[in-house]
Amino acid sequence: MLKTYTFHVSGTHCAACKILIEDVLKEQGFVKRVEVNLKKETVEIETDSGQGAEELAEILTAKIKPHGYTLALEKKEQENKNHDVLWQAIPIGLLFLALFFLLQKSGILNLGLGDQTTPTTGIIIGLIASVSSCLAIVGGLVLSLSAKISEDNVSDTKIFTLFHAGRLASFAILGGALGAIGNVIGINFTFTAILGLLAAAVMILLGLNLVGVFAKNKFTIHSGIFNFFRRIEHKTLTPLILGFATFFLPCGFTQSMQVAAISSGSFTSGLLIMSAFALGTLPMLAFLSFGSASFAHGKHAPLFFKSAGVVVLGLGIFALLAGLAGLGIINPLFSI
Amino acid sequence: MSKAVAIIIIIALVAVVGIIFMGGGASAQKVEIKDGVQYITIDAKGGYFPKTTNAQAGIPTKIIMKTNGTYDCSASLVIRAVGFQKILPQTGETEIDLGIPQAGVPLQGVCGMGMYSFVVNFS
């Protein structure tokens, strides 16, 4: 005898989740018909198995749990828990933001470095840059992408390694190119500023997503960006290219080093300066991505994602306002 | 953590971030007139100092941007009003000709990423 059950599903963050859940559940012989409603976050199942609703929810959850979804009869419990986590996450995220901006303001980062840019100073400048306002864009982007990728539960380590490899390679190759042909590749302010705005937009979207603001109707904004992330997750090339692209992201330190590479006058010295700089930024950025991966698989994962979301959101808004001011569209609202 | 505690902490932290953004003491003005030309000196390192300069209108004016081991964003300077867009040398002085500024039209300089800025008021 066919019976219809409706379960509440949690963990659906994307349009394709519907297809995935339906595919997995259809594979079960006793499930005759599956219908996922993303808006209501429900799964309707028609089955001829004689089991009770509770048992069914348990069996089916076991099948889709590896993909990050759970079925339940009751919805409320989950929501309350989510809210509690959010109330913890906002202060934690804000605390990190406050500490970060305080560090900028303190002037500790404005170390006096010699006039000559050598690979050694390059590494030091890279280290400073990775905890400076450059972090607002490059680091924020790395954090948001990493948290997002880890949340989607894919083989994150490989992706991060490729991303950082791509970043190092681009700095070496493009640094060498700058040294060899110099000013031919002018670094265009407007171009980098627009890239910065794009990065800010991605950060804000991912930040909102991590915080869970889209919990009710999340997928509407998403399909385009979502496809983009699927591609990141499944191809080797995309994280490499993304790492490569960070060369052009607006960051005063990067720009200074690019100028130093230009004036160095040879392929080798340009390559050395830019690689040294990228190496200097690596520890912090690697910490951000691999750190979020380890948190993401730990006990405090929901709290981590939401706190990271708050941080990314703050940095994204900061980068957006700064980028608009840099383009002369709005007056600078602040000065750190 | 209860919601009320969380809200109090949130408000406190927002206030801290606000103070960080808005704060910044006034630094000494560096404006001098030599041979009929007004020179405004602005230090660029970890921001622009002084952030606000008051200068005279109606006389030929030049800005001198002073860098000293500057690697951060303040080295990439944009002054849209005079079409200036350049990455300043790590250490040195860069002269920017403003022509003869009019009274009441403030001049704004901003770094490439937009997080540092300075303004010169003419009167």
# chains A, B, ... in the order shown; residues from 1 in each chain; ligands from 1
call {"tool": "residues_around", "arguments": {"residues": "range 88-103 of chain A", "least_positions_apart": "6", "cutoff": "7 Å", "atoms": "only C-alpha atoms", "output": "number ranges by chain"}}
result
A: 303, 306-308, 310-311; B: 1, 6, 9-10, 13, 16-17, 20
call {"tool": "write_last_selection", "arguments": {"atoms": "C-alpha atoms", "output": "JSON list (two decimals), in the first residue's frame"}}
result
[["chain", "number", "residue", "atom", "x", "y", "z"],
["A", 303, "LEU", "CA", 29.65, 28.21, 14.94],
["A", 306, "LYS", "CA", 28.63, 31.64, 11.06],
["A", 307, "SER", "CA", 31.53, 33.51, 12.71],
["A", 308, "ALA", "CA", 33.50, 33.32, 9.48],
["A", 310, "VAL", "CA", 30.28, 37.67, 10.02],
["A", 311, "VAL", "CA", 34.00, 38.38, 9.49],
["B", 1, "MET", "CA", 25.28, 32.70, 25.94],
["B", 6, "ALA", "CA", 25.21, 38.83, 23.01],
["B", 9, "ILE", "CA", 28.66, 42.69, 23.37],
["B", 10, "ILE", "CA", 27.64, 43.35, 19.77],
["B", 13, "LEU", "CA", 32.11, 45.94, 19.48],
["B", 16, "VAL", "CA", 34.83, 50.04, 19.00],
["B", 17, "VAL", "CA", 34.94, 49.55, 15.22],
["B", 20, "ILE", "CA", 38.55, 53.01, 15.03]]
call {"tool": "interface_residues", "arguments": {"of": "chain B", "to": "chain A", "cutoff": "7 Å", "atoms": "only C-alpha atoms", "output": "MDAnalysis selection string"}}
result
chainID B and resid 1 3 6 9:10 13 16:17 20:22 46 69 71:76 90:91 110:117
call {"tool": "write_last_selection", "arguments": {"atoms": "N, CA and C atoms", "output": "tab-separated table (two decimals), in the first residue's frame"}}
result
chain	number	residue	atom	x	y	z
B	1	MET	N	25.28	31.25	25.74
B	1	MET	CA	25.28	32.70	25.94
B	1	MET	C	23.87	33.23	25.69
B	3	LYS	N	20.85	35.83	24.80
B	3	LYS	CA	20.71	36.79	23.71
B	3	LYS	C	21.04	38.21	24.17
B	6	ALA	N	24.68	38.76	24.37
B	6	ALA	CA	25.21	38.83	23.01
B	6	ALA	C	24.97	40.22	22.42
B	9	ILE	N	27.31	42.82	23.91
B	9	ILE	CA	28.66	42.69	23.37
B	9	ILE	C	28.72	43.20	21.94
B	10	ILE	N	27.67	42.89	21.17
B	10	ILE	CA	27.64	43.35	19.77
B	10	ILE	C	27.68	44.87	19.71
B	13	LEU	N	31.13	46.17	20.53
B	13	LEU	CA	32.11	45.94	19.48
B	13	LEU	C	31.88	46.85	18.28
B	16	VAL	N	33.36	50.06	19.12
B	16	VAL	CA	34.83	50.04	19.00
B	16	VAL	C	35.24	50.22	17.54
B	17	VAL	N	34.60	49.45	16.64
B	17	VAL	CA	34.94	49.55	15.22
B	17	VAL	C	34.66	50.97	14.72
B	20	ILE	N	37.35	53.25	15.81
B	20	ILE	CA	38.55	53.01	15.03
B	20	ILE	C	38.46	53.73	13.69
B	21	PHE	N	37.28	53.66	13.07
B	21	PHE	CA	37.12	54.27	11.75
B	21	PHE	C	37.10	55.79	11.80
B	22	MET	N	36.41	56.32	12.82
B	22	MET	CA	36.20	57.76	12.84
B	22	MET	C	37.37	58.50	13.48
B	46	GLY	N	51.17	54.33	5.72
B	46	GLY	CA	50.09	53.81	6.57
B	46	GLY	C	48.96	54.81	6.69
B	69	GLY	N	59.87	54.64	2.92
B	69	GLY	CA	59.71	53.20	3.10
B	69	GLY	C	58.25	52.80	3.06
B	71	TYR	N	55.21	50.96	1.63
B	71	TYR	CA	54.86	49.83	0.77
B	71	TYR	C	53.36	49.59	0.75
B	72	ASP	N	52.63	50.25	1.65
B	72	ASP	CA	51.21	49.94	1.76
B	72	ASP	C	50.42	50.73	0.74
B	73	CYS	N	49.13	50.69	0.91
B	73	CYS	CA	48.23	51.28	-0.08
B	73	CYS	C	48.48	52.77	-0.30
B	74	SER	N	48.95	53.46	0.73
B	74	SER	CA	49.07	54.92	0.55
B	74	SER	C	50.09	55.29	-0.53
B	75	ALA	N	50.90	54.31	-0.96
B	75	ALA	CA	51.84	54.60	-2.05
B	75	ALA	C	51.13	54.71	-3.40
B	76	SER	N	49.98	54.06	-3.53
B	76	SER	CA	49.28	54.17	-4.82
B	76	SER	C	48.21	55.24	-4.70
B	90	GLN	N	58.96	54.29	-3.31
B	90	GLN	CA	58.94	53.81	-1.93
B	90	GLN	C	59.47	54.87	-0.94
B	91	THR	N	60.51	55.55	-1.36
B	91	THR	CA	61.02	56.63	-0.54
B	91	THR	C	61.32	57.81	-1.45
B	110	VAL	N	43.01	59.90	-2.57
B	110	VAL	CA	42.60	58.62	-1.99
B	110	VAL	C	43.58	57.57	-2.50
B	111	CYS	N	43.82	56.53	-1.69
B	111	CYS	CA	44.75	55.51	-2.15
B	111	CYS	C	44.00	54.51	-3.03
B	112	GLY	N	44.77	53.77	-3.81
B	112	GLY	CA	44.19	52.92	-4.84
B	112	GLY	C	43.07	52.02	-4.36
B	113	MET	N	43.17	51.50	-3.15
B	113	MET	CA	42.13	50.62	-2.66
B	113	MET	C	41.05	51.37	-1.92
B	114	GLY	N	41.29	52.64	-1.68
B	114	GLY	CA	40.24	53.48	-1.11
B	114	GLY	C	40.15	53.51	0.40
B	115	MET	N	41.08	52.85	1.11
B	115	MET	CA	40.90	52.87	2.56
B	115	MET	C	41.61	54.03	3.24
B	116	TYR	N	42.51	54.68	2.55
B	116	TYR	CA	43.15	55.88	3.11
B	116	TYR	C	42.78	57.08	2.24
B	117	SER	N	42.62	58.21	2.88
B	117	SER	CA	42.30	59.40	2.09
B	117	SER	C	42.78	60.65	2.81
call {"tool": "atom_distance", "arguments": {"atom1": "CA of Ala4 in chain B", "atom2": "CA of Gly11 in chain A"}}
result
28.1 Å
call {"tool": "residues_around", "arguments": {"residues": "Phe84 in chain B", "least_positions_apart": "5", "cutoff": "12 Å", "atoms": "only C-alpha atoms", "output": "tab-separated table (two decimals) with N, CA and C atoms, in the first residue's frame"}}
result
chain	number	residue	atom	x	y	z
A	189	PHE	N	44.73	51.31	-12.40
A	189	PHE	CA	44.02	51.51	-11.13
A	189	PHE	C	42.55	51.14	-11.23
B	63	ILE	N	51.34	70.14	-4.25
B	63	ILE	CA	51.37	69.19	-3.14
B	63	ILE	C	52.68	68.42	-3.21
B	76	SER	N	49.98	54.06	-3.53
B	76	SER	CA	49.28	54.17	-4.82
B	76	SER	C	48.21	55.24	-4.70
B	77	LEU	N	48.57	56.43	-5.17
B	77	LEU	CA	47.74	57.61	-4.91
B	77	LEU	C	46.91	58.00	-6.13
B	78	VAL	N	45.67	58.35	-5.86
B	78	VAL	CA	44.79	58.85	-6.91
B	78	VAL	C	44.24	60.21	-6.45
B	79	ILE	N	44.47	61.24	-7.27
B	79	ILE	CA	43.79	62.52	-7.02
B	79	ILE	C	42.99	62.81	-8.27
B	94	THR	N	57.25	63.46	-4.15
B	94	THR	CA	56.61	63.60	-5.45
B	94	THR	C	55.84	64.91	-5.46
B	95	GLU	N	56.10	65.74	-6.47
B	95	GLU	CA	55.43	67.03	-6.55
B	95	GLU	C	54.24	66.93	-7.48
B	96	ILE	N	53.10	67.42	-7.02
B	96	ILE	CA	51.90	67.40	-7.84
B	96	ILE	C	51.39	68.82	-7.97
B	97	ASP	N	51.28	69.28	-9.23
B	97	ASP	CA	50.84	70.64	-9.48
B	97	ASP	C	49.32	70.72	-9.45
B	98	LEU	N	48.80	71.61	-8.61
B	98	LEU	CA	47.35	71.75	-8.51
B	98	LEU	C	46.84	72.94	-9.30
B	107	LEU	N	39.97	69.48	-2.21
B	107	LEU	CA	40.68	68.53	-3.07
B	107	LEU	C	40.86	67.25	-2.29
B	108	GLN	N	40.51	66.15	-2.96
B	108	GLN	CA	40.57	64.89	-2.25
B	108	GLN	C	41.55	63.92	-2.89
B	109	GLY	N	42.38	63.32	-2.07
B	109	GLY	CA	43.28	62.27	-2.53
B	109	GLY	C	42.91	60.98	-1.84
B	110	VAL	N	43.01	59.90	-2.57
B	110	VAL	CA	42.60	58.62	-1.99
B	110	VAL	C	43.58	57.57	-2.50
B	111	CYS	N	43.82	56.53	-1.69
B	111	CYS	CA	44.75	55.51	-2.15
B	111	CYS	C	44.00	54.51	-3.03
B	112	GLY	N	44.77	53.77	-3.81
B	112	GLY	CA	44.19	52.92	-4.84
B	112	GLY	C	43.07	52.02	-4.36
call {"tool": "residues_around", "arguments": {"residues": "Val312 in chain A", "least_positions_apart": "5", "cutoff": "7 Å", "atoms": "only C-alpha atoms", "output": "MDAnalysis selection string"}}
result
chainID A and resid 140 144 203:204 207
call {"tool": "write_last_selection", "arguments": {"atoms": "C-alpha atoms", "output": "PDB file, in the first residue's frame"}}
result
ATOM      1  CA  GLY A 140      38.553  37.693   3.062  1.00  0.00           C
ATOM      2  CA  SER A 144      34.969  32.912   2.352  1.00  0.00           C
ATOM      3  CA  MET A 203      32.552  38.164  -0.157  1.00  0.00           C
ATOM      4  CA  ILE A 204      29.278  39.801   0.837  1.00  0.00           C
ATOM      5  CA  GLY A 207      29.263  35.995   3.982  1.00  0.00           C
TER       6      GLY A 207
END
call {"tool": "decode", "arguments": {"residues": "range 52-92 of chain B", "atoms": "C-alpha atoms", "output": "tab-separated table (two decimals), in the first residue's frame"}}
result
chain	number	residue	atom	x	y	z
B	52	THR	CA	42.86	67.47	6.59
B	53	THR	CA	44.86	70.48	5.48
B	54	ASN	CA	43.61	74.04	5.28
B	55	ALA	CA	45.27	76.14	2.59
B	56	GLN	CA	44.84	79.41	0.76
B	57	ALA	CA	42.91	79.64	-2.47
B	58	GLY	CA	43.87	81.73	-5.47
B	59	ILE	CA	47.62	81.19	-5.53
B	60	PRO	CA	49.68	78.62	-7.45
B	61	THR	CA	49.77	75.51	-5.29
B	62	LYS	CA	51.70	72.28	-5.28
B	63	ILE	CA	51.37	69.19	-3.14
B	64	ILE	CA	54.49	67.38	-2.04
B	65	MET	CA	53.83	63.74	-1.26
B	66	LYS	CA	56.47	62.42	1.06
B	67	THR	CA	57.08	58.69	1.20
B	68	ASN	CA	59.51	56.95	3.50
B	69	GLY	CA	59.71	53.20	3.10
B	70	THR	CA	56.06	53.17	2.08
B	71	TYR	CA	54.86	49.83	0.77
B	72	ASP	CA	51.21	49.94	1.76
B	73	CYS	CA	48.23	51.28	-0.08
B	74	SER	CA	49.07	54.92	0.55
B	75	ALA	CA	51.84	54.60	-2.05
B	76	SER	CA	49.28	54.17	-4.82
B	77	LEU	CA	47.74	57.61	-4.91
B	78	VAL	CA	44.79	58.85	-6.91
B	79	ILE	CA	43.79	62.52	-7.02
B	80	ARG	CA	40.93	62.57	-9.46
B	81	ALA	CA	40.44	66.34	-9.55
B	82	VAL	CA	43.82	66.81	-11.27
B	83	GLY	CA	43.92	63.43	-13.00
B	84	PHE	CA	46.81	62.17	-10.89
B	85	GLN	CA	47.13	58.39	-10.71
B	86	LYS	CA	50.49	56.99	-9.79
B	87	ILE	CA	52.34	54.66	-7.53
B	88	LEU	CA	54.69	56.83	-5.49
B	89	PRO	CA	58.32	55.80	-5.09
B	90	GLN	CA	58.94	53.81	-1.93
B	91	THR	CA	61.02	56.63	-0.54
B	92	GLY	CA	61.13	60.14	-1.89
